[in-house]
$ cat query.cif   # mmCIF, C-alpha atoms and all ligand atoms
data_final
#
loop_
_atom_site.group_PDB
_atom_site.id
_atom_site.type_symbol
_atom_site.label_atom_id
_atom_site.label_comp_id
_atom_site.auth_asym_id
_atom_site.auth_seq_id
_atom_site.Cartn_x
_atom_site.Cartn_y
_atom_site.Cartn_z
ATOM 1 C CA MET U 1 -8.257 -29.307 -4.178
ATOM 2 C CA ASN U 2 -5.561 -27.340 -2.425
ATOM 3 C CA LYS U 3 -5.488 -27.049 1.334
ATOM 4 C CA SER U 4 -6.440 -23.390 1.633
ATOM 5 C CA LEU U 5 -9.345 -23.760 -0.783
ATOM 6 C CA PHE U 6 -10.528 -26.735 1.246
ATOM 7 C CA ALA U 7 -10.161 -24.695 4.440
ATOM 8 C CA SER U 8 -12.184 -21.802 3.022
ATOM 9 C CA LEU U 9 -14.917 -24.168 1.884
ATOM 10 C CA VAL U 10 -15.115 -25.750 5.316
ATOM 11 C CA LEU U 11 -15.282 -22.288 6.889
ATOM 12 C CA ALA U 12 -17.876 -21.122 4.400
ATOM 13 C CA ILE U 13 -20.089 -24.105 5.190
ATOM 14 C CA ALA U 14 -19.454 -23.924 8.923
ATOM 15 C CA SER U 15 -20.064 -20.212 9.329
ATOM 16 C CA PRO U 16 -22.470 -17.939 7.489
ATOM 17 C CA LEU U 17 -20.485 -14.999 8.928
ATOM 18 C CA VAL U 18 -17.374 -16.070 7.094
ATOM 19 C CA ALA U 19 -19.395 -16.582 3.912
ATOM 20 C CA THR U 20 -20.147 -12.835 3.862
ATOM 21 C CA SER U 21 -16.450 -12.096 4.181
ATOM 22 C CA VAL U 22 -15.620 -12.448 0.509
ATOM 23 C CA GLN U 23 -12.325 -10.569 0.722
ATOM 24 C CA ALA U 24 -11.006 -12.633 3.587
ATOM 25 C CA GLN U 25 -11.889 -15.768 1.626
ATOM 26 C CA ALA U 26 -10.029 -14.524 -1.413
ATOM 27 C CA PHE U 27 -6.943 -14.486 0.793
ATOM 28 C CA GLY U 28 -7.810 -17.781 2.478
ATOM 29 C CA LYS U 29 -7.896 -16.173 5.884
ATOM 30 C CA ALA U 30 -7.463 -12.761 7.486
ATOM 31 C CA ASP U 31 -3.819 -13.470 8.396
ATOM 32 C CA ASP U 32 -3.031 -14.008 4.707
ATOM 33 C CA ALA U 33 -4.533 -10.627 3.848
ATOM 34 C CA ILE U 34 -2.555 -8.940 6.647
ATOM 35 C CA GLN U 35 0.706 -10.552 5.529
ATOM 36 C CA TYR U 36 -0.009 -9.645 1.930
ATOM 37 C CA ARG U 37 -0.638 -5.969 2.625
ATOM 38 C CA GLN U 38 2.304 -5.704 5.043
ATOM 39 C CA GLY U 39 4.538 -7.322 2.413
ATOM 40 C CA ALA U 40 3.290 -4.892 -0.219
ATOM 41 C CA PHE U 41 4.010 -1.956 2.119
ATOM 42 C CA GLN U 42 7.537 -3.269 2.692
ATOM 43 C CA ILE U 43 8.129 -3.268 -1.055
ATOM 44 C CA ILE U 44 6.613 0.207 -1.318
ATOM 45 C CA LYS U 45 8.967 1.349 1.426
ATOM 46 C CA ALA U 46 12.000 -0.161 -0.317
ATOM 47 C CA HIS U 47 11.255 1.521 -3.633
ATOM 48 C CA PHE U 48 10.143 4.821 -2.175
ATOM 49 C CA GLY U 49 13.081 4.828 0.248
ATOM 50 C CA ALA U 50 15.515 4.215 -2.603
ATOM 51 C CA LEU U 51 14.639 7.681 -3.916
ATOM 52 C CA GLN U 52 15.648 9.385 -0.691
ATOM 53 C CA PRO U 53 19.432 9.524 -1.221
ATOM 54 C CA VAL U 54 18.764 10.812 -4.736
ATOM 55 C CA VAL U 55 16.537 13.704 -3.677
ATOM 56 C CA LYS U 56 18.904 14.464 -0.792
ATOM 57 C CA GLY U 57 21.785 14.676 -3.242
ATOM 58 C CA GLN U 58 23.683 11.913 -1.446
ATOM 59 C CA ILE U 59 24.076 9.861 -4.601
ATOM 60 C CA ALA U 60 24.329 10.896 -8.229
ATOM 61 C CA TYR U 61 21.058 11.293 -10.105
ATOM 62 C CA ASP U 62 20.666 8.361 -12.478
ATOM 63 C CA GLN U 63 17.507 8.994 -14.495
ATOM 64 C CA ALA U 64 17.081 5.424 -15.754
ATOM 65 C CA ALA U 65 17.522 3.931 -12.285
ATOM 66 C CA VAL U 66 15.106 6.431 -10.731
ATOM 67 C CA LEU U 67 12.500 5.812 -13.419
ATOM 68 C CA ALA U 68 12.753 2.030 -13.073
ATOM 69 C CA ASN U 69 12.306 2.433 -9.342
ATOM 70 C CA VAL U 70 9.299 4.740 -9.636
ATOM 71 C CA GLN U 71 7.634 2.391 -12.111
ATOM 72 C CA ILE U 72 7.864 -0.476 -9.637
ATOM 73 C CA LEU U 73 6.533 1.786 -6.886
ATOM 74 C CA ASP U 74 3.641 2.729 -9.162
ATOM 75 C CA GLN U 75 2.665 -0.892 -9.692
ATOM 76 C CA VAL U 76 3.097 -2.084 -6.108
ATOM 77 C CA ALA U 77 1.165 0.974 -4.847
ATOM 78 C CA LYS U 78 -1.968 -0.625 -6.312
ATOM 79 C CA LEU U 79 -1.647 -3.781 -4.247
ATOM 80 C CA PRO U 80 -2.297 -3.290 -0.525
ATOM 81 C CA TRP U 81 -5.841 -1.945 -0.733
ATOM 82 C CA LYS U 82 -7.751 -5.060 -1.728
ATOM 83 C CA ALA U 83 -6.232 -6.766 1.304
ATOM 84 C CA PHE U 84 -8.232 -4.507 3.659
ATOM 85 C CA GLY U 85 -11.527 -6.234 2.953
ATOM 86 C CA PRO U 86 -14.228 -7.059 5.482
ATOM 87 C CA GLY U 87 -13.043 -9.410 8.202
ATOM 88 C CA THR U 88 -9.337 -8.578 7.793
ATOM 89 C CA GLU U 89 -8.994 -6.316 10.835
ATOM 90 C CA GLY U 90 -5.654 -6.761 12.566
ATOM 91 C CA GLY U 91 -1.953 -6.169 12.148
ATOM 92 C CA ASP U 92 -1.197 -2.503 12.744
ATOM 93 C CA ALA U 93 -4.331 -1.443 10.899
ATOM 94 C CA ARG U 94 -6.663 0.709 12.978
ATOM 95 C CA ASP U 95 -10.337 -0.195 13.122
ATOM 96 C CA ASP U 96 -10.998 3.288 11.683
ATOM 97 C CA ILE U 97 -10.198 1.767 8.276
ATOM 98 C CA TRP U 98 -13.444 -0.189 8.462
ATOM 99 C CA LEU U 99 -15.366 2.513 10.349
ATOM 100 C CA ASP U 100 -14.393 5.326 7.978
ATOM 101 C CA GLU U 101 -14.113 3.659 4.576
ATOM 102 C CA GLU U 102 -14.525 6.986 2.801
ATOM 103 C CA GLY U 103 -11.653 8.547 4.719
ATOM 104 C CA PHE U 104 -9.413 5.549 4.068
ATOM 105 C CA LYS U 105 -10.266 5.621 0.350
ATOM 106 C CA ALA U 106 -9.508 9.351 0.232
ATOM 107 C CA ALA U 107 -6.103 8.730 1.837
ATOM 108 C CA GLN U 108 -5.377 6.027 -0.761
ATOM 109 C CA LYS U 109 -6.372 8.385 -3.543
ATOM 110 C CA LYS U 110 -4.124 11.134 -2.239
ATOM 111 C CA PHE U 111 -1.215 8.711 -2.258
ATOM 112 C CA LEU U 112 -1.982 7.248 -5.701
ATOM 113 C CA ASP U 113 -2.573 10.715 -7.167
ATOM 114 C CA SER U 114 0.779 11.861 -5.768
ATOM 115 C CA LEU U 115 2.492 9.207 -7.886
ATOM 116 C CA VAL U 116 1.357 10.881 -11.125
ATOM 117 C CA PRO U 117 3.669 13.922 -10.802
ATOM 118 C CA LEU U 118 6.363 11.671 -9.315
ATOM 119 C CA THR U 119 6.261 9.480 -12.412
ATOM 120 C CA ALA U 120 6.140 12.517 -14.697
ATOM 121 C CA ALA U 121 9.212 14.008 -13.006
ATOM 122 C CA ALA U 122 11.050 10.680 -13.237
ATOM 123 C CA GLN U 123 10.195 10.400 -16.933
ATOM 124 C CA ALA U 124 11.212 13.979 -17.647
ATOM 125 C CA GLY U 125 14.413 13.594 -15.675
ATOM 126 C CA ASN U 126 13.625 16.752 -13.710
ATOM 127 C CA LEU U 127 15.317 16.519 -10.311
ATOM 128 C CA ASP U 128 13.633 19.623 -8.865
ATOM 129 C CA ASP U 129 10.180 18.288 -9.709
ATOM 130 C CA LEU U 130 11.214 14.894 -8.406
ATOM 131 C CA LYS U 131 12.130 16.433 -5.043
ATOM 132 C CA LYS U 132 8.762 18.171 -4.732
ATOM 133 C CA ALA U 133 6.819 15.097 -5.809
ATOM 134 C CA PHE U 134 8.838 12.918 -3.432
ATOM 135 C CA ALA U 135 7.961 15.200 -0.526
ATOM 136 C CA ASN U 136 4.280 15.142 -1.497
ATOM 137 C CA THR U 137 4.147 11.380 -1.699
ATOM 138 C CA GLY U 138 5.964 11.106 1.625
ATOM 139 C CA ALA U 139 3.390 13.411 3.186
ATOM 140 C CA SER U 140 0.593 11.202 1.841
ATOM 141 C CA CYS U 141 2.162 8.102 3.453
ATOM 142 C CA LYS U 142 2.438 9.936 6.754
ATOM 143 C CA ALA U 143 -1.089 11.357 6.609
ATOM 144 C CA CYS U 144 -2.565 7.900 6.172
ATOM 145 C CA HIS U 145 -0.367 6.347 8.850
ATOM 146 C CA ASP U 146 -1.300 9.114 11.308
ATOM 147 C CA SER U 147 -4.992 8.352 10.863
ATOM 148 C CA PHE U 148 -5.122 4.667 10.072
ATOM 149 C CA ARG U 149 -2.039 2.852 11.396
ATOM 150 C CA ASP U 150 -1.153 2.045 15.010
HETATM 151 C C1 LIG M 1 -4.103 4.961 2.615
HETATM 152 C C2 LIG M 1 -3.259 4.594 3.718
HETATM 153 C C3 LIG M 1 -1.795 4.319 3.583
HETATM 154 C C4 LIG M 1 -0.897 4.911 2.723
HETATM 155 C C5 LIG M 1 -1.151 5.974 1.676
HETATM 156 C C6 LIG M 1 0.378 4.323 3.013
HETATM 157 N N1 LIG M 1 0.259 3.409 4.026
HETATM 158 FE FE1 LIG M 1 1.756 2.355 4.844
HETATM 159 N N2 LIG M 1 0.418 1.352 6.013
HETATM 160 C C7 LIG M 1 -0.923 1.635 6.102
HETATM 161 C C8 LIG M 1 -1.553 0.739 7.040
HETATM 162 C C9 LIG M 1 -3.020 0.722 7.429
HETATM 163 C C10 LIG M 1 -0.542 -0.095 7.530
HETATM 164 C C11 LIG M 1 -0.694 -1.244 8.555
HETATM 165 C C12 LIG M 1 -0.986 -2.549 7.803
HETATM 166 C C13 LIG M 1 -1.159 -3.740 8.720
HETATM 167 O O1 LIG M 1 -0.346 -3.920 9.665
HETATM 168 O O2 LIG M 1 -2.089 -4.535 8.481
HETATM 169 C C14 LIG M 1 0.693 0.317 6.860
HETATM 170 C C15 LIG M 1 1.925 -0.274 7.070
HETATM 171 C C16 LIG M 1 3.110 0.165 6.498
HETATM 172 C C17 LIG M 1 4.404 -0.421 6.766
HETATM 173 C C18 LIG M 1 4.699 -1.566 7.714
HETATM 174 C C19 LIG M 1 4.491 -2.913 6.998
HETATM 175 C C20 LIG M 1 4.770 -4.089 7.930
HETATM 176 O O3 LIG M 1 5.712 -4.846 7.650
HETATM 177 O O4 LIG M 1 4.059 -4.248 8.939
HETATM 178 C C21 LIG M 1 5.313 0.294 6.019
HETATM 179 C C22 LIG M 1 6.828 0.069 5.952
HETATM 180 C C23 LIG M 1 4.579 1.285 5.280
HETATM 181 N N3 LIG M 1 3.240 1.179 5.595
HETATM 182 C C24 LIG M 1 5.155 2.197 4.416
HETATM 183 C C25 LIG M 1 4.435 3.091 3.637
HETATM 184 C C26 LIG M 1 5.047 4.031 2.717
HETATM 185 C C27 LIG M 1 6.545 4.202 2.511
HETATM 186 C C28 LIG M 1 4.021 4.716 2.131
HETATM 187 C C29 LIG M 1 4.098 5.773 1.074
HETATM 188 C C30 LIG M 1 5.096 5.696 0.039
HETATM 189 C C31 LIG M 1 2.791 4.203 2.696
HETATM 190 N N4 LIG M 1 3.083 3.235 3.608
HETATM 191 C C32 LIG M 1 1.545 4.662 2.356
HETATM 192 C C33 LIG M 1 -1.594 2.604 5.408
HETATM 193 C C34 LIG M 1 -1.055 3.387 4.404
#

$ encode --input "query.cif" --output "structure tokens" --more "lines below"
Ligand code: HEC
Amino acid sequence: MNKSLFASLVLAIASPLVATSVQAQAFGKADDAIQYRQGAFQIIKAHFGALQPVVKGQIAYDQAAVLANVQILDQVAKLPWKAFGPGTEGGDARDDIWLDEEGFKAAQKKFLDSLVPLTAAAQAGNLDDLKKAFANTGASCKACHDSFRD
């Protein structure tokens, strides 16, 4: 039995409160969930940020490179959300995430939906559409941070 599984079993037996916190257990403990989601956001930032010099015209538009980047962004964008389960309050996450689950879900959806036209523009190799989609996605990051991140 690995150490973290053993630790979660001990916690589950010792505390009925922890036993209800299925998500936190899936990550071993809340700190693991916080590190996981912060790590995912760092990767999101790297791959979203890599598009910035392209849309600003600071580097040449390389369709294959942009598409590869957007595809990674698309995948990693799915990751942070399951690490906001019950009992994982902390990091820079505002308590509003757990008080307003609907609002937080809506902000996730806005972000994930914004990646559809971004991916389409990257696939089509349309720089104008890419610029618009990039701005939209950026606005969805900011909207969520304004409401849900300290
Ligand atoms: C639905 C809400 C939401 C969306 C959308 C969102 N974020 Fe975040 N982001 C958060 C929350 C909440 C945190 C704080 C997580 C924590 O500290 O536990 C965070 C943290 C971060 C961090 C800091 C990670 C760290 O190391 O502490 C970065 C960087 C980041 N987000 C970038 C982005 C970028 C770039 C986008 C869009 C491309 C984005 N986020 C979209 C909610 C969101």

$ residues_around --input "query.cif" --residues "region 73-86 of chain U" --least-positions-apart "6" --cutoff "9 Å" --atoms "all atoms listed in the file" --output "ChimeraX atom specification"
/U:20-24,27,30,32-41,43-48,93,97-98,105,108,111-112,115-116,119

$ closest_residue --input "query.cif" --among "U:Asn69, U:Gln42, U:Gln63, U:Ser147" --to "Gly125 (chain U)" --atoms "all atoms listed in the file"
U:Gln63

$ closest_residue --input "query.cif" --among "U:Cys144, U:Val70, U:Ala122, U:Val55" --to "ligand LIG 1 (chain M)" --atoms "all atoms listed in the file"
U:Cys144

$ resolve_selection --input "query.cif" --expression "the PyMOL selection byres (((chain U and resi 56) around 12) and not hetatm)" --output "PyMOL selection string"
chain U and resi 49-55+57-61+127-128+130-132+134-135

$ closest_residue --input "query.cif" --among "U:Ala120, U:Ser114, U:Gly87, U:Lys142" --to "Asp31 (chain U)" --atoms "all atoms listed in the file"
U:Gly87

$ resolve_selection --input "query.cif" --expression "the PyMOL selection byres (((chain U and resi 92) around 10) and not hetatm)" --output "JSON, numbers by chain"
{"U": [34, 38, 89, 90, 91, 93, 94, 95, 145, 148, 149, 150]}

$ axis_aligned_box --input "query.cif" --around "region 84-100 of chain U" --padding-each-side "5 Å" --output "JSON"
{"center_x": -8.3, "center_y": -2.0, "center_z": 8.0, "size_x": 24.2, "size_y": 24.7, "size_z": 20.2}

$ closest_residue --input "query.cif" --among "U:Ala133, U:Pro117, U:Val66, U:Ala107" --to "ligand LIG 1 (chain M)" --atoms "all atoms listed in the file"
U:Ala107

$ atom_distance --input "query.cif" --atom1 "atom C25 of ligand LIG 1 (chain M)" --atom2 "CA of Asn126 (chain U)"
23.9 Å

$ atom_distance --input "query.cif" --atom1 "atom C1 of ligand LIG 1 (chain M)" --atom2 "CA of Ala26 (chain U)"
20.8 Å

$ atom_distance --input "query.cif" --atom1 "CA of Ala65 (chain U)" --atom2 "CA of Leu118 (chain U)"
13.9 Å

$ closest_residue --input "query.cif" --among "U:Gln123, U:Asn136, U:Lys29, U:Phe104" --to "ligand LIG 1 (chain M)" --atoms "only C-alpha atoms and all ligand atoms"
U:Phe104

$ closest_residue --input "query.cif" --among "U:Thr88, U:Ala121, U:Asp129, U:Asp100" --to "ligand LIG 1 (chain M)" --atoms "all atoms listed in the file"
U:Thr88

$ build_atoms --input "query.cif" --residues "region 94-105 of chain U" --atoms "all heavy atoms" --output "PDB file, in the frame of the given file"
ATOM      1  N   ARG U  94      -5.662   0.242  12.010  1.00  0.00           N
ATOM      2  CA  ARG U  94      -6.663   0.709  12.978  1.00  0.00           C
ATOM      3  C   ARG U  94      -8.066   0.337  12.504  1.00  0.00           C
ATOM      4  O   ARG U  94      -8.333   0.333  11.301  1.00  0.00           O
ATOM      5  CB  ARG U  94      -6.609   2.229  13.106  1.00  0.00           C
ATOM      6  CG  ARG U  94      -5.484   2.665  13.969  1.00  0.00           C
ATOM      7  CD  ARG U  94      -5.677   4.088  14.439  1.00  0.00           C
ATOM      8  NE  ARG U  94      -4.368   4.583  14.832  1.00  0.00           N
ATOM      9  CZ  ARG U  94      -3.997   5.847  14.765  1.00  0.00           C
ATOM     10  NH1 ARG U  94      -4.849   6.765  14.334  1.00  0.00           N
ATOM     11  NH2 ARG U  94      -2.793   6.202  15.134  1.00  0.00           N
ATOM     12  N   ASP U  95      -8.950   0.120  13.466  1.00  0.00           N
ATOM     13  CA  ASP U  95     -10.337  -0.195  13.122  1.00  0.00           C
ATOM     14  C   ASP U  95     -10.992   0.928  12.324  1.00  0.00           C
ATOM     15  O   ASP U  95     -11.972   0.699  11.618  1.00  0.00           O
ATOM     16  CB  ASP U  95     -11.153  -0.479  14.392  1.00  0.00           C
ATOM     17  CG  ASP U  95     -10.814  -1.850  14.966  1.00  0.00           C
ATOM     18  OD1 ASP U  95     -10.124  -2.630  14.270  1.00  0.00           O
ATOM     19  OD2 ASP U  95     -11.228  -2.141  16.105  1.00  0.00           O
ATOM     20  N   ASP U  96     -10.449   2.141  12.439  1.00  0.00           N
ATOM     21  CA  ASP U  96     -10.998   3.288  11.683  1.00  0.00           C
ATOM     22  C   ASP U  96     -11.054   3.009  10.177  1.00  0.00           C
ATOM     23  O   ASP U  96     -11.854   3.606   9.466  1.00  0.00           O
ATOM     24  CB  ASP U  96     -10.129   4.533  11.914  1.00  0.00           C
ATOM     25  CG  ASP U  96     -10.100   4.910  13.375  1.00  0.00           C
ATOM     26  OD1 ASP U  96      -9.357   4.252  14.130  1.00  0.00           O
ATOM     27  OD2 ASP U  96     -10.833   5.820  13.769  1.00  0.00           O
ATOM     28  N   ILE U  97     -10.192   2.108   9.707  1.00  0.00           N
ATOM     29  CA  ILE U  97     -10.198   1.767   8.276  1.00  0.00           C
ATOM     30  C   ILE U  97     -11.566   1.224   7.878  1.00  0.00           C
ATOM     31  O   ILE U  97     -12.085   1.545   6.808  1.00  0.00           O
ATOM     32  CB  ILE U  97      -9.078   0.740   7.968  1.00  0.00           C
ATOM     33  CG1 ILE U  97      -7.729   1.438   8.070  1.00  0.00           C
ATOM     34  CG2 ILE U  97      -9.282   0.069   6.615  1.00  0.00           C
ATOM     35  CD1 ILE U  97      -6.528   0.515   7.994  1.00  0.00           C
ATOM     36  N   TRP U  98     -12.141   0.429   8.773  1.00  0.00           N
ATOM     37  CA  TRP U  98     -13.444  -0.189   8.462  1.00  0.00           C
ATOM     38  C   TRP U  98     -14.601   0.682   8.936  1.00  0.00           C
ATOM     39  O   TRP U  98     -15.721   0.495   8.495  1.00  0.00           O
ATOM     40  CB  TRP U  98     -13.503  -1.605   9.057  1.00  0.00           C
ATOM     41  CG  TRP U  98     -12.520  -2.506   8.359  1.00  0.00           C
ATOM     42  CD1 TRP U  98     -12.762  -3.261   7.237  1.00  0.00           C
ATOM     43  CD2 TRP U  98     -11.143  -2.725   8.679  1.00  0.00           C
ATOM     44  NE1 TRP U  98     -11.623  -3.916   6.851  1.00  0.00           N
ATOM     45  CE2 TRP U  98     -10.613  -3.615   7.704  1.00  0.00           C
ATOM     46  CE3 TRP U  98     -10.289  -2.255   9.675  1.00  0.00           C
ATOM     47  CZ2 TRP U  98      -9.279  -4.046   7.721  1.00  0.00           C
ATOM     48  CZ3 TRP U  98      -8.965  -2.684   9.682  1.00  0.00           C
ATOM     49  CH2 TRP U  98      -8.477  -3.569   8.722  1.00  0.00           C
ATOM     50  N   LEU U  99     -14.305   1.623   9.848  1.00  0.00           N
ATOM     51  CA  LEU U  99     -15.366   2.513  10.349  1.00  0.00           C
ATOM     52  C   LEU U  99     -15.500   3.747   9.465  1.00  0.00           C
ATOM     53  O   LEU U  99     -16.557   4.371   9.386  1.00  0.00           O
ATOM     54  CB  LEU U  99     -15.052   2.948  11.792  1.00  0.00           C
ATOM     55  CG  LEU U  99     -14.955   1.809  12.809  1.00  0.00           C
ATOM     56  CD1 LEU U  99     -14.440   2.305  14.158  1.00  0.00           C
ATOM     57  CD2 LEU U  99     -16.313   1.126  12.973  1.00  0.00           C
ATOM     58  N   ASP U 100     -14.414   4.121   8.812  1.00  0.00           N
ATOM     59  CA  ASP U 100     -14.393   5.326   7.978  1.00  0.00           C
ATOM     60  C   ASP U 100     -13.829   4.958   6.599  1.00  0.00           C
ATOM     61  O   ASP U 100     -12.736   5.370   6.222  1.00  0.00           O
ATOM     62  CB  ASP U 100     -13.529   6.401   8.665  1.00  0.00           C
ATOM     63  CG  ASP U 100     -13.382   7.657   7.809  1.00  0.00           C
ATOM     64  OD1 ASP U 100     -14.162   7.844   6.856  1.00  0.00           O
ATOM     65  OD2 ASP U 100     -12.455   8.445   8.089  1.00  0.00           O
ATOM     66  N   GLU U 101     -14.588   4.154   5.880  1.00  0.00           N
ATOM     67  CA  GLU U 101     -14.113   3.659   4.576  1.00  0.00           C
ATOM     68  C   GLU U 101     -13.838   4.797   3.606  1.00  0.00           C
ATOM     69  O   GLU U 101     -12.891   4.743   2.832  1.00  0.00           O
ATOM     70  CB  GLU U 101     -15.133   2.687   3.975  1.00  0.00           C
ATOM     71  CG  GLU U 101     -15.112   1.330   4.654  1.00  0.00           C
ATOM     72  CD  GLU U 101     -16.093   0.351   4.038  1.00  0.00           C
ATOM     73  OE1 GLU U 101     -16.288   0.406   2.803  1.00  0.00           O
ATOM     74  OE2 GLU U 101     -16.681  -0.442   4.798  1.00  0.00           O
ATOM     75  N   GLU U 102     -14.700   5.826   3.692  1.00  0.00           N
ATOM     76  CA  GLU U 102     -14.525   6.986   2.801  1.00  0.00           C
ATOM     77  C   GLU U 102     -13.177   7.660   3.049  1.00  0.00           C
ATOM     78  O   GLU U 102     -12.447   7.989   2.123  1.00  0.00           O
ATOM     79  CB  GLU U 102     -15.647   8.010   3.044  1.00  0.00           C
ATOM     80  CG  GLU U 102     -17.023   7.527   2.605  1.00  0.00           C
ATOM     81  CD  GLU U 102     -17.110   7.376   1.098  1.00  0.00           C
ATOM     82  OE1 GLU U 102     -16.898   8.391   0.408  1.00  0.00           O
ATOM     83  OE2 GLU U 102     -17.377   6.254   0.624  1.00  0.00           O
ATOM     84  N   GLY U 103     -12.900   7.881   4.330  1.00  0.00           N
ATOM     85  CA  GLY U 103     -11.653   8.547   4.719  1.00  0.00           C
ATOM     86  C   GLY U 103     -10.435   7.736   4.286  1.00  0.00           C
ATOM     87  O   GLY U 103      -9.436   8.290   3.816  1.00  0.00           O
ATOM     88  N   PHE U 104     -10.533   6.416   4.443  1.00  0.00           N
ATOM     89  CA  PHE U 104      -9.413   5.549   4.068  1.00  0.00           C
ATOM     90  C   PHE U 104      -9.221   5.568   2.551  1.00  0.00           C
ATOM     91  O   PHE U 104      -8.094   5.615   2.056  1.00  0.00           O
ATOM     92  CB  PHE U 104      -9.661   4.132   4.590  1.00  0.00           C
ATOM     93  CG  PHE U 104      -8.490   3.205   4.438  1.00  0.00           C
ATOM     94  CD1 PHE U 104      -7.245   3.532   4.971  1.00  0.00           C
ATOM     95  CD2 PHE U 104      -8.618   1.994   3.761  1.00  0.00           C
ATOM     96  CE1 PHE U 104      -6.157   2.668   4.824  1.00  0.00           C
ATOM     97  CE2 PHE U 104      -7.537   1.129   3.615  1.00  0.00           C
ATOM     98  CZ  PHE U 104      -6.305   1.462   4.146  1.00  0.00           C
ATOM     99  N   LYS U 105     -10.340   5.543   1.828  1.00  0.00           N
ATOM    100  CA  LYS U 105     -10.266   5.621   0.350  1.00  0.00           C
ATOM    101  C   LYS U 105      -9.646   6.945  -0.094  1.00  0.00           C
ATOM    102  O   LYS U 105      -8.840   6.976  -1.034  1.00  0.00           O
ATOM    103  CB  LYS U 105     -11.677   5.502  -0.258  1.00  0.00           C
ATOM    104  CG  LYS U 105     -12.169   4.081  -0.364  1.00  0.00           C
ATOM    105  CD  LYS U 105     -12.737   3.795  -1.775  1.00  0.00           C
ATOM    106  CE  LYS U 105     -12.882   2.305  -2.025  1.00  0.00           C
ATOM    107  NZ  LYS U 105     -13.982   1.729  -1.237  1.00  0.00           N
TER     108      LYS U 105
END
